[in-house]
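File shown here: my_file.tsv, holding TSV, N, CA, C and O atoms.
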chain	number	residue	atom	x	y	z
G	24	MET	N	150.20	93.76	178.19
G	24	MET	CA	150.11	94.72	177.13
G	24	MET	C	149.58	94.02	175.88
G	24	MET	O	150.27	93.25	175.25
G	25	LYS	N	148.38	94.33	175.58
G	25	LYS	CA	147.66	93.63	174.52
G	25	LYS	C	147.97	94.19	173.14
G	25	LYS	O	148.05	95.38	172.95
G	26	GLY	N	148.12	93.31	172.16
G	26	GLY	CA	148.25	93.70	170.78
G	26	GLY	C	149.66	93.70	170.21
G	26	GLY	O	149.83	93.86	169.01
G	27	PHE	N	150.67	93.51	171.03
G	27	PHE	CA	152.04	93.60	170.53
G	27	PHE	C	152.46	92.39	169.70
G	27	PHE	O	153.36	92.50	168.89
G	28	LEU	N	151.84	91.25	169.89
G	28	LEU	CA	152.20	90.07	169.12
G	28	LEU	C	151.43	89.96	167.81
G	28	LEU	O	151.81	89.20	166.94
G	29	LYS	N	150.36	90.73	167.69
G	29	LYS	CA	149.55	90.71	166.48
G	29	LYS	C	150.30	91.40	165.35
G	29	LYS	O	150.96	92.41	165.54
G	30	ARG	N	150.20	90.84	164.15
G	30	ARG	CA	150.83	91.45	162.98
G	30	ARG	C	150.15	92.76	162.64
G	30	ARG	O	148.96	92.92	162.84
G	31	PRO	N	150.90	93.71	162.09
G	31	PRO	CA	150.28	94.96	161.63
G	31	PRO	C	149.22	94.68	160.57
G	31	PRO	O	149.28	93.65	159.88
G	32	ASP	N	148.27	95.60	160.41
G	32	ASP	CA	147.19	95.44	159.44
G	32	ASP	C	147.67	95.70	158.01
G	32	ASP	O	147.06	95.25	157.06
G	33	ALA	N	148.74	96.48	157.86
G	33	ALA	CA	149.26	96.84	156.54
G	33	ALA	C	150.77	96.99	156.62
G	33	ALA	O	151.32	97.24	157.69
G	34	GLU	N	151.42	96.85	155.48
G	34	GLU	CA	152.88	96.98	155.42
G	34	GLU	C	153.32	98.42	155.20
G	34	GLU	O	154.44	98.77	155.51
G	35	SER	N	152.41	99.24	154.67
G	35	SER	CA	152.77	100.61	154.30
G	35	SER	C	151.54	101.51	154.39
G	35	SER	O	150.41	101.04	154.18
G	36	PRO	N	151.72	102.81	154.66
G	36	PRO	CA	150.59	103.74	154.64
G	36	PRO	C	149.89	103.78	153.28
G	36	PRO	O	148.71	104.12	153.20
G	37	ASP	N	150.60	103.41	152.22
G	37	ASP	CA	150.00	103.38	150.88
G	37	ASP	C	148.85	102.39	150.78
G	37	ASP	O	147.99	102.52	149.90
G	38	GLU	N	148.82	101.39	151.66
G	38	GLU	CA	147.76	100.38	151.64
G	38	GLU	C	146.49	100.83	152.35
G	38	GLU	O	145.48	100.14	152.30
G	39	VAL	N	146.52	101.97	153.02
G	39	VAL	CA	145.37	102.46	153.76
G	39	VAL	C	144.48	103.25	152.80
G	39	VAL	O	144.91	104.24	152.20
G	40	GLY	N	143.23	102.81	152.65
G	40	GLY	CA	142.32	103.44	151.71
G	40	GLY	C	141.64	104.68	152.30
G	40	GLY	O	141.72	104.92	153.51
G	41	PRO	N	140.96	105.47	151.46
G	41	PRO	CA	140.24	106.65	151.93
G	41	PRO	C	139.19	106.31	152.98
G	41	PRO	O	138.45	105.33	152.84
G	42	GLY	N	139.16	107.08	154.07
G	42	GLY	CA	138.20	106.85	155.15
G	42	GLY	C	138.52	105.64	156.01
G	42	GLY	O	137.68	105.17	156.76
G	43	GLU	N	139.75	105.16	155.93
G	43	GLU	CA	140.14	103.92	156.60
G	43	GLU	C	141.31	104.15	157.55
G	43	GLU	O	142.13	105.04	157.32
G	44	GLY	N	141.38	103.33	158.58
G	44	GLY	CA	142.51	103.34	159.49
G	44	GLY	C	143.10	101.95	159.60
G	44	GLY	O	142.36	100.97	159.57
G	45	ARG	N	144.41	101.87	159.72
G	45	ARG	CA	145.10	100.58	159.88
G	45	ARG	C	146.34	100.77	160.75
G	45	ARG	O	146.92	101.84	160.78
G	46	ILE	N	146.73	99.69	161.39
G	46	ILE	CA	147.99	99.67	162.13
G	46	ILE	C	149.09	99.27	161.16
G	46	ILE	O	148.98	98.27	160.46
G	47	VAL	N	150.14	100.11	161.10
G	47	VAL	CA	151.26	99.88	160.20
G	47	VAL	C	152.54	99.96	161.03
G	47	VAL	O	152.66	100.82	161.91
G	48	LYS	N	153.49	99.09	160.76
G	48	LYS	CA	154.77	99.15	161.47
G	48	LYS	C	155.73	99.99	160.64
G	48	LYS	O	156.07	99.64	159.51
G	49	LEU	N	156.13	101.15	161.19
G	49	LEU	CA	157.05	102.06	160.51
G	49	LEU	C	158.29	102.26	161.37
G	49	LEU	O	158.17	102.60	162.55
G	50	ASP	N	159.45	102.02	160.81
G	50	ASP	CA	160.71	102.18	161.54
G	50	ASP	C	160.68	101.46	162.89
G	50	ASP	O	161.15	101.98	163.90
G	51	GLY	N	160.07	100.27	162.91
G	51	GLY	CA	160.02	99.46	164.12
G	51	GLY	C	158.95	99.86	165.12
G	51	GLY	O	158.84	99.24	166.17
G	52	ARG	N	158.15	100.88	164.81
G	52	ARG	CA	157.09	101.33	165.73
G	52	ARG	C	155.72	101.02	165.14
G	52	ARG	O	155.51	101.16	163.94
G	53	ARG	N	154.80	100.64	166.01
G	53	ARG	CA	153.42	100.44	165.58
G	53	ARG	C	152.76	101.81	165.48
G	53	ARG	O	152.75	102.57	166.45
G	54	CYS	N	152.21	102.08	164.31
G	54	CYS	CA	151.61	103.39	164.05
G	54	CYS	C	150.15	103.23	163.64
G	54	CYS	O	149.79	102.29	162.92
G	55	ALA	N	149.33	104.16	164.11
G	55	ALA	CA	147.93	104.23	163.73
G	55	ALA	C	147.86	105.18	162.55
G	55	ALA	O	148.13	106.37	162.69
G	56	VAL	N	147.54	104.65	161.37
G	56	VAL	CA	147.53	105.45	160.14
G	56	VAL	C	146.10	105.59	159.65
G	56	VAL	O	145.40	104.60	159.46
G	57	PHE	N	145.67	106.84	159.44
G	57	PHE	CA	144.34	107.13	158.92
G	57	PHE	C	144.48	107.95	157.65
G	57	PHE	O	145.29	108.87	157.59
G	58	ARG	N	143.67	107.62	156.62
G	58	ARG	CA	143.64	108.40	155.39
G	58	ARG	C	142.23	108.97	155.25
G	58	ARG	O	141.25	108.23	155.22
G	59	SER	N	142.14	110.30	155.17
G	59	SER	CA	140.83	110.96	155.02
G	59	SER	C	140.26	110.68	153.63
G	59	SER	O	140.97	110.21	152.73
G	60	GLU	N	139.00	110.99	153.45
G	60	GLU	CA	138.35	110.82	152.14
G	60	GLU	C	139.04	111.67	151.08
G	60	GLU	O	139.03	111.35	149.90
G	61	GLU	N	139.65	112.79	151.51
G	61	GLU	CA	140.36	113.68	150.59
G	61	GLU	C	141.79	113.21	150.30
G	61	GLU	O	142.49	113.80	149.49
G	62	GLY	N	142.26	112.18	151.03
G	62	GLY	CA	143.58	111.63	150.80
G	62	GLY	C	144.66	112.05	151.78
G	62	GLY	O	145.79	111.58	151.69
G	63	ALA	N	144.33	112.95	152.73
G	63	ALA	CA	145.32	113.35	153.73
G	63	ALA	C	145.60	112.20	154.68
G	63	ALA	O	144.67	111.52	155.14
G	64	VAL	N	146.87	111.96	154.97
G	64	VAL	CA	147.27	110.86	155.85
G	64	VAL	C	147.70	111.42	157.20
G	64	VAL	O	148.47	112.36	157.28
G	65	ARG	N	147.16	110.81	158.26
G	65	ARG	CA	147.54	111.17	159.64
G	65	ARG	C	148.18	109.95	160.27
G	65	ARG	O	147.64	108.85	160.20
G	66	VAL	N	149.33	110.16	160.91
G	66	VAL	CA	150.06	109.05	161.52
G	66	VAL	C	150.31	109.38	162.99
G	66	VAL	O	150.84	110.44	163.32
G	67	CYS	N	149.90	108.47	163.87
G	67	CYS	CA	150.11	108.61	165.31
G	67	CYS	C	150.68	107.30	165.84
G	67	CYS	O	150.57	106.26	165.19
G	68	SER	N	151.23	107.37	167.02
G	68	SER	CA	151.63	106.14	167.70
G	68	SER	C	150.37	105.30	167.93
G	68	SER	O	149.30	105.84	168.23
G	69	ALA	N	150.48	104.00	167.78
G	69	ALA	CA	149.35	103.11	168.02
G	69	ALA	C	149.30	102.65	169.48
G	69	ALA	O	148.49	101.81	169.85
G	70	ILE	N	150.14	103.23	170.32
G	70	ILE	CA	150.22	102.82	171.72
G	70	ILE	C	149.36	103.74	172.58
G	70	ILE	O	149.60	104.95	172.65
G	71	CYS	N	148.37	103.18	173.23
G	71	CYS	CA	147.46	103.95	174.08
G	71	CYS	C	148.25	104.63	175.20
G	71	CYS	O	149.12	104.01	175.83
G	72	THR	N	147.95	105.88	175.43
G	72	THR	CA	148.67	106.66	176.44
G	72	THR	C	148.22	106.35	177.86
G	72	THR	O	148.83	106.84	178.81
G	73	HIS	N	147.20	105.51	178.03
G	73	HIS	CA	146.75	105.16	179.38
G	73	HIS	C	147.62	104.07	179.99
G	73	HIS	O	148.27	104.29	181.00
G	74	MET	N	147.65	102.90	179.34
G	74	MET	CA	148.40	101.78	179.91
G	74	MET	C	149.26	101.04	178.89
G	74	MET	O	149.79	99.98	179.17
G	75	GLY	N	149.38	101.57	177.69
G	75	GLY	CA	150.33	101.02	176.73
G	75	GLY	C	149.86	99.91	175.82
G	75	GLY	O	150.69	99.27	175.16
G	76	CYS	N	148.57	99.66	175.72
G	76	CYS	CA	148.08	98.64	174.80
G	76	CYS	C	148.02	99.22	173.38
G	76	CYS	O	148.03	100.42	173.19
G	77	VAL	N	147.96	98.34	172.38
G	77	VAL	CA	147.88	98.77	170.99
G	77	VAL	C	146.42	99.02	170.64
G	77	VAL	O	145.56	98.15	170.83
G	78	VAL	N	146.14	100.21	170.10
G	78	VAL	CA	144.77	100.57	169.73
G	78	VAL	C	144.33	99.81	168.49
G	78	VAL	O	145.16	99.24	167.77
G	79	ARG	N	143.02	99.81	168.24
G	79	ARG	CA	142.43	99.16	167.06
G	79	ARG	C	141.53	100.17	166.36
G	79	ARG	O	140.92	101.02	167.00
G	80	TRP	N	141.42	100.05	165.05
G	80	TRP	CA	140.56	100.93	164.28
G	80	TRP	C	139.10	100.51	164.42
G	80	TRP	O	138.77	99.33	164.30
G	81	ASN	N	138.24	101.48	164.70
G	81	ASN	CA	136.79	101.26	164.78
G	81	ASN	C	136.19	102.00	163.59
G	81	ASN	O	135.97	103.21	163.64
G	82	GLY	N	135.96	101.29	162.51
G	82	GLY	CA	135.47	101.90	161.28
G	82	GLY	C	134.08	102.50	161.41
G	82	GLY	O	133.77	103.50	160.78
G	83	ALA	N	133.24	101.90	162.24
G	83	ALA	CA	131.87	102.41	162.41
G	83	ALA	C	131.86	103.78	163.07
G	83	ALA	O	131.06	104.65	162.71
G	84	GLU	N	132.77	104.00	164.02
G	84	GLU	CA	132.81	105.27	164.76
G	84	GLU	C	133.93	106.19	164.26
G	84	GLU	O	134.03	107.33	164.72
G	85	GLN	N	134.79	105.66	163.38
G	85	GLN	CA	135.95	106.42	162.88
G	85	GLN	C	136.84	106.87	164.05
G	85	GLN	O	137.23	108.04	164.15
G	86	THR	N	137.16	105.92	164.94
G	86	THR	CA	138.01	106.20	166.09
G	86	THR	C	139.02	105.07	166.26
G	86	THR	O	138.83	103.96	165.77
G	87	TRP	N	140.09	105.40	166.98
G	87	TRP	CA	141.07	104.40	167.43
G	87	TRP	C	140.66	104.03	168.84
G	87	TRP	O	140.57	104.89	169.70
G	88	ASP	N	140.36	102.75	169.08
G	88	ASP	CA	139.87	102.30	170.38
G	88	ASP	C	140.87	101.37	171.04
G	88	ASP	O	141.45	100.50	170.39
G	89	CYS	N	141.05	101.56	172.36
G	89	CYS	CA	141.94	100.70	173.12
G	89	CYS	C	141.15	99.50	173.65
G	89	CYS	O	140.15	99.68	174.35
G	90	PRO	N	141.59	98.28	173.33
G	90	PRO	CA	140.87	97.09	173.79
G	90	PRO	C	141.06	96.79	175.28
G	90	PRO	O	140.35	95.97	175.84
G	91	CYS	N	142.01	97.43	175.93
G	91	CYS	CA	142.31	97.13	177.33
G	91	CYS	C	141.38	97.82	178.32
G	91	CYS	O	140.82	97.19	179.20
G	92	HIS	N	141.23	99.14	178.17
G	92	HIS	CA	140.45	99.88	179.16
G	92	HIS	C	139.42	100.82	178.55
G	92	HIS	O	138.82	101.62	179.25
G	93	GLY	N	139.26	100.77	177.22
G	93	GLY	CA	138.17	101.50	176.58
G	93	GLY	C	138.46	102.93	176.16
G	93	GLY	O	137.54	103.63	175.74
G	94	SER	N	139.68	103.39	176.24
G	94	SER	CA	139.98	104.74	175.76
G	94	SER	C	139.70	104.80	174.26
G	94	SER	O	139.87	103.82	173.54
G	95	ARG	N	139.27	105.98	173.81
G	95	ARG	CA	138.99	106.18	172.39
G	95	ARG	C	139.67	107.47	171.93
G	95	ARG	O	139.69	108.45	172.65
G	96	PHE	N	140.20	107.43	170.71
G	96	PHE	CA	140.95	108.55	170.16
G	96	PHE	C	140.41	108.88	168.77
G	96	PHE	O	140.02	107.98	168.01
G	97	GLY	N	140.41	110.17	168.42
G	97	GLY	CA	140.00	110.60	167.10
G	97	GLY	C	141.04	110.23	166.05
G	97	GLY	O	142.13	109.74	166.36
G	98	THR	N	140.70	110.49	164.79
G	98	THR	CA	141.60	110.12	163.69
G	98	THR	C	142.94	110.84	163.76
G	98	THR	O	143.93	110.35	163.22
G	99	ASP	N	142.99	111.97	164.45
G	99	ASP	CA	144.26	112.70	164.61
G	99	ASP	C	144.93	112.40	165.95
G	99	ASP	O	145.93	113.01	166.30
G	100	GLY	N	144.36	111.47	166.72
G	100	GLY	CA	144.96	111.04	167.99
G	100	GLY	C	144.42	111.73	169.23
G	100	GLY	O	144.80	111.37	170.34
G	101	HIS	N	143.53	112.73	169.07
G	101	HIS	CA	143.00	113.42	170.27
G	101	HIS	C	142.10	112.48	171.07
G	101	HIS	O	141.51	111.55	170.51
G	102	VAL	N	142.03	112.70	172.38
G	102	VAL	CA	141.23	111.84	173.25
G	102	VAL	C	139.75	112.15	173.05
G	102	VAL	O	139.32	113.29	173.19
G	103	VAL	N	138.98	111.12	172.73
G	103	VAL	CA	137.53	111.23	172.60
G	103	VAL	C	136.88	110.80	173.90
G	103	VAL	O	135.92	111.41	174.35
G	104	ALA	N	137.41	109.73	174.51
G	104	ALA	CA	136.89	109.22	175.78
G	104	ALA	C	138.02	108.54	176.54
G	104	ALA	O	138.87	107.88	175.93
G	105	GLY	N	138.03	108.73	177.86
G	105	GLY	CA	139.06	108.17	178.72
G	105	GLY	C	138.81	106.74	179.07
G	105	GLY	O	137.87	106.15	178.58
G	106	PRO	N	139.72	106.22	179.87
G	106	PRO	CA	140.50	106.86	180.90
G	106	PRO	C	141.77	107.58	180.44
G	106	PRO	O	142.37	108.31	181.23
G	107	ALA	N	142.22	107.40	179.20
G	107	ALA	CA	143.42	108.13	178.75
G	107	ALA	C	143.17	109.63	178.86
G	107	ALA	O	142.07	110.11	178.58
G	108	GLU	N	144.21	110.35	179.27
G	108	GLU	CA	144.11	111.81	179.38
G	108	GLU	C	144.97	112.52	178.34
G	108	GLU	O	144.78	113.70	178.08
G	109	SER	N	145.91	111.81	177.74
G	109	SER	CA	146.82	112.39	176.76
G	109	SER	C	146.52	111.81	175.38
G	109	SER	O	146.18	110.63	175.26
G	110	PRO	N	146.71	112.60	174.33
G	110	PRO	CA	146.46	112.11	172.96
G	110	PRO	C	147.54	111.12	172.53
G	110	PRO	O	148.61	111.04	173.15
G	111	LEU	N	147.24	110.40	171.46
G	111	LEU	CA	148.25	109.55	170.85
G	111	LEU	C	149.33	110.47	170.28
G	111	LEU	O	149.02	111.53	169.73
G	112	LYS	N	150.58	110.07	170.39
G	112	LYS	CA	151.69	110.90	169.93
G	112	LYS	C	151.70	110.97	168.41
G	112	LYS	O	151.70	109.95	167.73
G	113	ALA	N	151.70	112.19	167.87
G	113	ALA	CA	151.78	112.38	166.42
G	113	ALA	C	153.16	111.97	165.93
G	113	ALA	O	154.16	112.19	166.59
G	114	ILE	N	153.20	111.36	164.75
G	114	ILE	CA	154.46	110.92	164.14
G	114	ILE	C	154.57	111.59	162.79
G	114	ILE	O	153.64	111.55	161.98
G	115	GLU	N	155.71	112.22	162.58
G	115	GLU	CA	155.94	112.95	161.30
G	115	GLU	C	156.22	111.99	160.19
G	115	GLU	O	156.92	111.06	160.28
Since I need it in another form, could you write the structure as structure tokens?
Amino acid sequence: MKGFLKRPDAESPDEVGPGEGRIVKLDGRRCAVFRSEEGAVRVCSAICTHMGCVVRWNGAEQTWDCPCHGSRFGTDGHVVAGPAESPLKAIE
């Protein structure tokens, strides 16, 4: 399971700039945090639903990409490309 030993990219969602995504550890969970250009924040689990690796932010494509098997997710966690079939879990 790749990515679990790597430090989070930010300490808080407040550190995520407009149009940017970062991995943040919230309440002990790795979260994929995206802030839109308008300032809306979306938080999903950073754990890929295919095989459990930690996703990474792809700024060029504005997607969360899994380094293990190539799944890609939109900024709100929906599946853009498999092999994952389920979206990233939304976190309130």
DSSP-assigned strand (DSSP E) among chain G, expressed as a PyMOL selection string: chain G and resi 43-49+52-58+64-68+79-81+86-88+95-96+102-104
Selected residues written out with N, CA, C and O atoms, as a short mmCIF file (atom, residue, chain, number, x, y, z; two decimals), in the frame of the given file:
data_model
loop_
_atom_site.label_atom_id
_atom_site.label_comp_id
_atom_site.auth_asym_id
_atom_site.auth_seq_id
_atom_site.Cartn_x
_atom_site.Cartn_y
_atom_site.Cartn_z
N GLU G 43 139.75 105.16 155.93
CA GLU G 43 140.14 103.92 156.60
C GLU G 43 141.31 104.15 157.55
O GLU G 43 142.13 105.04 157.32
N GLY G 44 141.38 103.33 158.58
CA GLY G 44 142.51 103.34 159.49
C GLY G 44 143.10 101.95 159.60
O GLY G 44 142.36 100.97 159.57
N ARG G 45 144.41 101.87 159.72
CA ARG G 45 145.10 100.58 159.88
C ARG G 45 146.34 100.77 160.75
O ARG G 45 146.92 101.84 160.78
N ILE G 46 146.73 99.69 161.39
CA ILE G 46 147.99 99.67 162.13
C ILE G 46 149.09 99.27 161.16
O ILE G 46 148.98 98.27 160.46
N VAL G 47 150.14 100.11 161.10
CA VAL G 47 151.26 99.88 160.20
C VAL G 47 152.54 99.96 161.03
O VAL G 47 152.66 100.82 161.91
N LYS G 48 153.49 99.09 160.76
CA LYS G 48 154.77 99.15 161.47
C LYS G 48 155.73 99.99 160.64
O LYS G 48 156.07 99.64 159.51
N LEU G 49 156.13 101.15 161.19
CA LEU G 49 157.05 102.06 160.51
C LEU G 49 158.29 102.26 161.37
O LEU G 49 158.17 102.60 162.55
N ARG G 52 158.15 100.88 164.81
CA ARG G 52 157.09 101.33 165.73
C ARG G 52 155.72 101.02 165.14
O ARG G 52 155.51 101.16 163.94
N ARG G 53 154.80 100.64 166.01
CA ARG G 53 153.42 100.44 165.58
C ARG G 53 152.76 101.81 165.48
O ARG G 53 152.75 102.57 166.45
N CYS G 54 152.21 102.08 164.31
CA CYS G 54 151.61 103.39 164.05
C CYS G 54 150.15 103.23 163.64
O CYS G 54 149.79 102.29 162.92
N ALA G 55 149.33 104.16 164.11
CA ALA G 55 147.93 104.23 163.73
C ALA G 55 147.86 105.18 162.55
O ALA G 55 148.13 106.37 162.69
N VAL G 56 147.54 104.65 161.37
CA VAL G 56 147.53 105.45 160.14
C VAL G 56 146.10 105.59 159.65
O VAL G 56 145.40 104.60 159.46
N PHE G 57 145.67 106.84 159.44
CA PHE G 57 144.34 107.13 158.92
C PHE G 57 144.48 107.95 157.65
O PHE G 57 145.29 108.87 157.59
N ARG G 58 143.67 107.62 156.62
CA ARG G 58 143.64 108.40 155.39
C ARG G 58 142.23 108.97 155.25
O ARG G 58 141.25 108.23 155.22
N VAL G 64 146.87 111.96 154.97
CA VAL G 64 147.27 110.86 155.85
C VAL G 64 147.70 111.42 157.20
O VAL G 64 148.47 112.36 157.28
N ARG G 65 147.16 110.81 158.26
CA ARG G 65 147.54 111.17 159.64
C ARG G 65 148.18 109.95 160.27
O ARG G 65 147.64 108.85 160.20
N VAL G 66 149.33 110.16 160.91
CA VAL G 66 150.06 109.05 161.52
C VAL G 66 150.31 109.38 162.99
O VAL G 66 150.84 110.44 163.32
N CYS G 67 149.90 108.47 163.87
CA CYS G 67 150.11 108.61 165.31
C CYS G 67 150.68 107.30 165.84
O CYS G 67 150.57 106.26 165.19
N SER G 68 151.23 107.37 167.02
CA SER G 68 151.63 106.14 167.70
C SER G 68 150.37 105.30 167.93
O SER G 68 149.30 105.84 168.23
N ARG G 79 143.02 99.81 168.24
CA ARG G 79 142.43 99.16 167.06
C ARG G 79 141.53 100.17 166.36
O ARG G 79 140.92 101.02 167.00
N TRP G 80 141.42 100.05 165.05
CA TRP G 80 140.56 100.93 164.28
C TRP G 80 139.10 100.51 164.42
O TRP G 80 138.77 99.33 164.30
N ASN G 81 138.24 101.48 164.70
CA ASN G 81 136.79 101.26 164.78
C ASN G 81 136.19 102.00 163.59
O ASN G 81 135.97 103.21 163.64
N THR G 86 137.16 105.92 164.94
CA THR G 86 138.01 106.20 166.09
C THR G 86 139.02 105.07 166.26
O THR G 86 138.83 103.96 165.77
N TRP G 87 140.09 105.40 166.98
CA TRP G 87 141.07 104.40 167.43
C TRP G 87 140.66 104.03 168.84
O TRP G 87 140.57 104.89 169.70
N ASP G 88 140.36 102.75 169.08
CA ASP G 88 139.87 102.30 170.38
C ASP G 88 140.87 101.37 171.04
O ASP G 88 141.45 100.50 170.39
N ARG G 95 139.27 105.98 173.81
CA ARG G 95 138.99 106.18 172.39
C ARG G 95 139.67 107.47 171.93
O ARG G 95 139.69 108.45 172.65
N PHE G 96 140.20 107.43 170.71
CA PHE G 96 140.95 108.55 170.16
C PHE G 96 140.41 108.88 168.77
O PHE G 96 140.02 107.98 168.01
N VAL G 102 142.03 112.70 172.38
CA VAL G 102 141.23 111.84 173.25
C VAL G 102 139.75 112.15 173.05
O VAL G 102 139.32 113.29 173.19
N VAL G 103 138.98 111.12 172.73
CA VAL G 103 137.53 111.23 172.60
C VAL G 103 136.88 110.80 173.90
O VAL G 103 135.92 111.41 174.35
N ALA G 104 137.41 109.73 174.51
CA ALA G 104 136.89 109.22 175.78
C ALA G 104 138.02 108.54 176.54
O ALA G 104 138.87 107.88 175.93
#
Contact check, region 35-66 of chain G to region 81-103 of chain G, at most 6 Å, counting only N, CA, C and O atoms, closest pairs as JSON lines:
{"residue": "G:Gly42", "atom": "O", "partner": "G:Gly82", "partner_atom": "O", "distance": 5.9}
{"residue": "G:Ala55", "atom": "O", "partner": "G:Thr98", "partner_atom": "O", "distance": 5.8}
{"residue": "G:Phe57", "atom": "CA", "partner": "G:Thr98", "partner_atom": "O", "distance": 5.4}
{"residue": "G:Arg65", "atom": "O", "partner": "G:Thr98", "partner_atom": "O", "distance": 5.0}
{"residue": "G:Val66", "atom": "N", "partner": "G:Thr98", "partner_atom": "O", "distance": 5.9}
Quick one: what's the axis-aligned box for region 91-94 of chain G, all listed atoms, 4 Å on every side, centre and edges in Å to one decimal, as lines of an AutoDock Vina configuration file?
center_x = 139.9
center_y = 101.0
center_z = 176.4
size_x = 12.8
size_y = 15.7
size_z = 13.7
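Using only C-alpha atoms, the nearest neighbour of Cys54 (chain G) within the list G:Gly75, G:Pro36, G:Pro110, G:Pro41 is G:Pro36.
The spacing separating atom N of Gly51 (chain G) from CA of Ser109 (chain G) amounts to 22.7 Å.
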Computed interatomic separation between atom O of Pro106 (chain G) and atom O of Ala33 (chain G) (Å): 27.5 Å
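What separates CA of Glu60 (chain G) from CA of Thr72 (chain G) is a distance of 26.7 Å.
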